[in-house]
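S.K.: Next comes run_8.cif, mmCIF, C-alpha atoms:
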```cif
data_target
loop_
_atom_site.group_PDB
_atom_site.id
_atom_site.type_symbol
_atom_site.label_atom_id
_atom_site.label_comp_id
_atom_site.auth_asym_id
_atom_site.auth_seq_id
_atom_site.Cartn_x
_atom_site.Cartn_y
_atom_site.Cartn_z
ATOM 1 C CA MET A 1 7.990 24.444 -15.600
ATOM 2 C CA ALA A 2 10.803 25.285 -13.208
ATOM 3 C CA GLU A 3 12.377 22.573 -11.053
ATOM 4 C CA LYS A 4 10.986 24.143 -7.870
ATOM 5 C CA GLU A 5 7.439 24.203 -9.334
ATOM 6 C CA LYS A 6 7.717 20.525 -10.332
ATOM 7 C CA GLU A 7 8.857 19.641 -6.845
ATOM 8 C CA GLN A 8 5.981 21.571 -5.244
ATOM 9 C CA LYS A 9 3.430 19.954 -7.578
ATOM 10 C CA SER A 10 4.817 16.470 -6.856
ATOM 11 C CA LEU A 11 4.757 17.134 -3.125
ATOM 12 C CA GLY A 12 1.131 18.300 -3.380
ATOM 13 C CA ILE A 13 0.127 15.119 -5.224
ATOM 14 C CA TYR A 14 1.994 12.980 -2.689
ATOM 15 C CA GLN A 15 0.236 14.726 0.206
ATOM 16 C CA GLN A 16 -3.156 14.193 -1.446
ATOM 17 C CA ILE A 17 -2.416 10.478 -1.833
ATOM 18 C CA MET A 18 -1.297 10.137 1.775
ATOM 19 C CA ASN A 19 -4.369 12.061 3.035
ATOM 20 C CA PHE A 20 -6.640 9.795 0.987
ATOM 21 C CA LEU A 21 -4.952 6.679 2.356
ATOM 22 C CA GLY A 22 -5.335 8.058 5.888
ATOM 23 C CA ASP A 23 -9.058 8.665 5.309
ATOM 24 C CA VAL A 24 -9.488 5.108 4.027
ATOM 25 C CA SER A 25 -7.802 3.585 7.079
ATOM 26 C CA GLU A 26 -9.886 5.749 9.451
ATOM 27 C CA ASN A 27 -13.088 4.494 7.826
ATOM 28 C CA ALA A 28 -12.078 0.838 8.134
ATOM 29 C CA GLU A 29 -13.958 -1.404 10.532
ATOM 30 C CA VAL A 30 -12.502 -1.421 14.026
ATOM 31 C CA GLY A 31 -10.812 -4.673 15.005
ATOM 32 C CA THR A 32 -10.037 -6.031 11.546
ATOM 33 C CA ASP A 33 -7.119 -5.507 9.215
ATOM 34 C CA ALA A 34 -9.126 -6.217 6.055
ATOM 35 C CA PRO A 35 -12.803 -5.274 6.417
ATOM 36 C CA PHE A 36 -13.764 -5.875 2.753
ATOM 37 C CA CYS A 37 -13.386 -8.893 0.508
ATOM 38 C CA PRO A 38 -10.981 -8.069 -2.362
ATOM 39 C CA LYS A 39 -12.911 -10.394 -4.694
ATOM 40 C CA CYS A 40 -16.519 -9.180 -4.252
ATOM 41 C CA GLY A 41 -16.235 -6.092 -2.023
ATOM 42 C CA SER A 42 -18.463 -7.551 0.690
ATOM 43 C CA GLY A 43 -18.013 -6.383 4.267
ATOM 44 C CA HIS A 44 -19.142 -9.746 5.658
ATOM 45 C CA VAL A 45 -15.742 -11.200 6.485
ATOM 46 C CA VAL A 46 -14.555 -13.188 9.486
ATOM 47 C CA LYS A 47 -11.078 -13.906 10.821
ATOM 48 C CA ASN A 48 -9.892 -17.339 9.845
ATOM 49 C CA GLY A 49 -6.555 -18.052 11.504
ATOM 50 C CA LEU A 50 -3.016 -16.969 10.696
ATOM 51 C CA ALA A 51 -0.621 -17.512 7.807
ATOM 52 C CA HIS A 52 3.031 -16.504 8.143
ATOM 53 C CA GLY A 53 2.172 -14.464 11.231
ATOM 54 C CA LYS A 54 -0.530 -12.399 9.484
ATOM 55 C CA SER A 55 -4.304 -12.626 9.875
ATOM 56 C CA ARG A 56 -6.314 -14.570 7.317
ATOM 57 C CA PHE A 57 -9.967 -13.895 6.506
ATOM 58 C CA ARG A 58 -12.898 -15.633 4.854
ATOM 59 C CA CYS A 59 -15.694 -13.861 2.999
ATOM 60 C CA ASN A 60 -19.094 -15.120 4.125
ATOM 61 C CA ASP A 61 -20.759 -14.026 0.860
ATOM 62 C CA PHE A 62 -18.209 -15.178 -1.722
ATOM 63 C CA GLY A 63 -16.379 -17.888 0.224
ATOM 64 C CA ALA A 64 -12.936 -16.558 -0.716
ATOM 65 C CA PHE A 65 -9.972 -16.733 1.638
ATOM 66 C CA PHE A 66 -7.523 -13.824 1.717
ATOM 67 C CA GLY A 67 -4.855 -12.137 3.813
ATOM 68 C CA SER A 68 -4.773 -8.692 5.364
ATOM 69 C CA THR A 69 -2.566 -7.310 2.557
ATOM 70 C CA THR A 70 -4.329 -8.977 -0.391
ATOM 71 C CA GLY A 71 -5.158 -6.439 -3.078
ATOM 72 C CA LYS A 72 -3.089 -3.682 -1.486
ATOM 73 C CA LEU A 73 -0.001 -1.990 -2.859
ATOM 74 C CA THR A 74 2.108 -3.630 -0.168
ATOM 75 C CA GLY A 75 0.625 -7.095 -0.725
ATOM 76 C CA GLY A 76 3.270 -9.769 -1.184
ATOM 77 C CA THR A 77 6.180 -7.486 -0.260
ATOM 78 C CA SER A 78 8.445 -7.491 2.730
ATOM 79 C CA SER A 79 9.262 -3.773 2.455
ATOM 80 C CA SER A 80 8.160 -1.494 5.277
ATOM 81 C CA ASN A 81 5.610 1.303 4.939
ATOM 82 C CA LYS A 82 8.445 3.834 5.312
ATOM 83 C CA THR A 83 10.213 2.283 2.311
ATOM 84 C CA TRP A 84 7.007 2.508 0.271
ATOM 85 C CA ASP A 85 6.521 6.155 1.314
ATOM 86 C CA THR A 86 10.072 6.983 0.227
ATOM 87 C CA PHE A 87 9.616 5.100 -3.045
ATOM 88 C CA LEU A 88 6.332 6.830 -3.917
ATOM 89 C CA GLU A 89 7.723 10.241 -3.058
ATOM 90 C CA GLY A 90 10.731 9.584 -5.303
ATOM 91 C CA MET A 91 8.497 8.405 -8.157
ATOM 92 C CA LEU A 92 6.456 11.598 -7.926
ATOM 93 C CA CYS A 93 9.652 13.671 -7.972
ATOM 94 C CA ASP A 94 10.845 11.867 -11.147
ATOM 95 C CA ASP A 95 13.819 10.180 -9.462
ATOM 96 C CA SER A 96 15.499 7.492 -11.552
ATOM 97 C CA LEU A 97 15.209 3.849 -10.530
ATOM 98 C CA ILE A 98 18.893 3.814 -9.582
ATOM 99 C CA VAL A 99 18.376 6.760 -7.216
ATOM 100 C CA LEU A 100 15.191 5.173 -5.828
ATOM 101 C CA SER A 101 16.902 1.851 -5.146
ATOM 102 C CA GLU A 102 19.660 3.650 -3.227
ATOM 103 C CA LYS A 103 17.215 5.848 -1.262
ATOM 104 C CA CYS A 104 15.011 2.910 -0.297
ATOM 105 C CA GLY A 105 17.746 0.350 0.284
ATOM 106 C CA ILE A 106 16.327 -2.073 -2.282
ATOM 107 C CA SER A 107 17.868 -3.681 -5.334
ATOM 108 C CA LEU A 108 17.470 -2.190 -8.812
ATOM 109 C CA PRO A 109 15.350 -5.154 -10.060
ATOM 110 C CA THR A 110 13.059 -4.715 -7.023
ATOM 111 C CA ALA A 111 12.696 -0.984 -7.763
ATOM 112 C CA HIS A 112 11.874 -1.848 -11.379
ATOM 113 C CA SER A 113 9.236 -4.385 -10.342
#
```
Go ahead and render the structure in this file as structure tokens.

M.R.:
Amino acid sequence: MAEKEKEQKSLGIYQQIMNFLGDVSENAEVGTDAPFCPKCGSGHVVKNGLAHGKSRFRCNDFGAFFGSTTGKLTGGTSSSNKTWDTFLEGMLCDDSLIVLSEKCGISLPTAHS
């Protein structure tokens, strides 16, 4: 497969992922950052304060407490969405970790993790 074909295929996959993520966020409940419990999948969640400046939630069915980024790709990271977009695009284009760390402005161990 030629380099140009690989790049086009990677870009197509990336666009499909981003479209899917956009569809998911459009279908989310209005007014909440995390409409479903990551433990049981229930939609019966209520806001339950703040932790480190981010909303916390409690599942009425399961009783679990969780944050708005729990169970998401960006959960537990301080990197911006733009950094994640750049990183994913580079991964799909078969960039090395060294190149990815430079593109994203993150350390090599962080890119590896």

S.K.: What's the separation between CA of Ser68 (chain A) and CA of Gly43 (chain A), in Å to one decimal place?

M.R.: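 Value for the CA of Ser68 (chain A)-CA of Gly43 (chain A) distance: 13.5 Å.
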
S.K.: I want to know what sits within 8 Å of region 12-21 of chain A, based on only C-alpha atoms, with residues of the same chain fewer than 5 positions away left out; could you give that as a list in words?

M.R.: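 Neighbouring residues, sequence-local ones excluded: Leu88, Glu89 and Leu92 of chain A.
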
S.K.: Please list as a PDB file with C-alpha atoms, in the frame of the given file every residue within 9 Å of Cys93 (chain A), counting only C-alpha atoms and excluding residues in the same chain fewer than 5 positions away.

M.R.:
```pdb
ATOM      1  CA  LYS A   6       7.717  20.525 -10.332  1.00  0.00           C
ATOM      2  CA  GLU A   7       8.857  19.641  -6.845  1.00  0.00           C
ATOM      3  CA  LYS A   9       3.430  19.954  -7.578  1.00  0.00           C
ATOM      4  CA  SER A  10       4.817  16.470  -6.856  1.00  0.00           C
ATOM      5  CA  LEU A  11       4.757  17.134  -3.125  1.00  0.00           C
ATOM      6  CA  LEU A  88       6.332   6.830  -3.917  1.00  0.00           C
TER       7      LEU A  88
END
```

S.K.: Applying 7 Å and all atoms listed in the file, which residues near Ser42 (chain A) remain after dropping the ones on its own chain fewer than 5 positions away? List them as number ranges by chain.

M.R.: A: 36-37, 61

S.K.: Go ahead and write the selection's residues with C-alpha atoms as a tab-separated table (two decimals), in the frame of the given file.

M.R.:
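Below is the file part00.tsv, written as the result:
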```tsv
chain	number	residue	atom	x	y	z
A	36	PHE	CA	-13.76	-5.88	2.75
A	37	CYS	CA	-13.39	-8.89	0.51
A	61	ASP	CA	-20.76	-14.03	0.86
```

S.K.: Hey, what's within 12 Å of His44 (chain A) if we count all atoms listed in the file and toss same-chain stuff fewer than 6 positions away? As a ChimeraX atom specification, please?

M.R.: /A:29,32,34-38,57-64

S.K.: Tell me, in Å to one decimal, how far CA of Glu3 (chain A) is from CA of Asp95 (chain A).

M.R.: 12.6 Å

S.K.: What gap, in Å, lies between CA of Asp85 (chain A) and CA of Val99 (chain A)?

M.R.: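 Pair CA of Asp85 (chain A) / CA of Val99 (chain A) returns 14.6 Å.
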
S.K.: So that I can check the surroundings of Thr77 (chain A), please list as a PyMOL selection string every protein, DNA and RNA residue that reaches within 12 Å of it, counting all atoms listed in the file and ignoring chain neighbours fewer than 4 positions away.

M.R.: chain A and resi 69-73+81+83-84+106+110-111+113

S.K.: Go ahead and find all residues with at least one atom no further than 7 Å from (-4.0, -14.4, 5.1) in the file's coordinates, using all atoms listed in the file; report them as a ChimeraX atom specification.

M.R.: /A:50-51,54-57,66-68
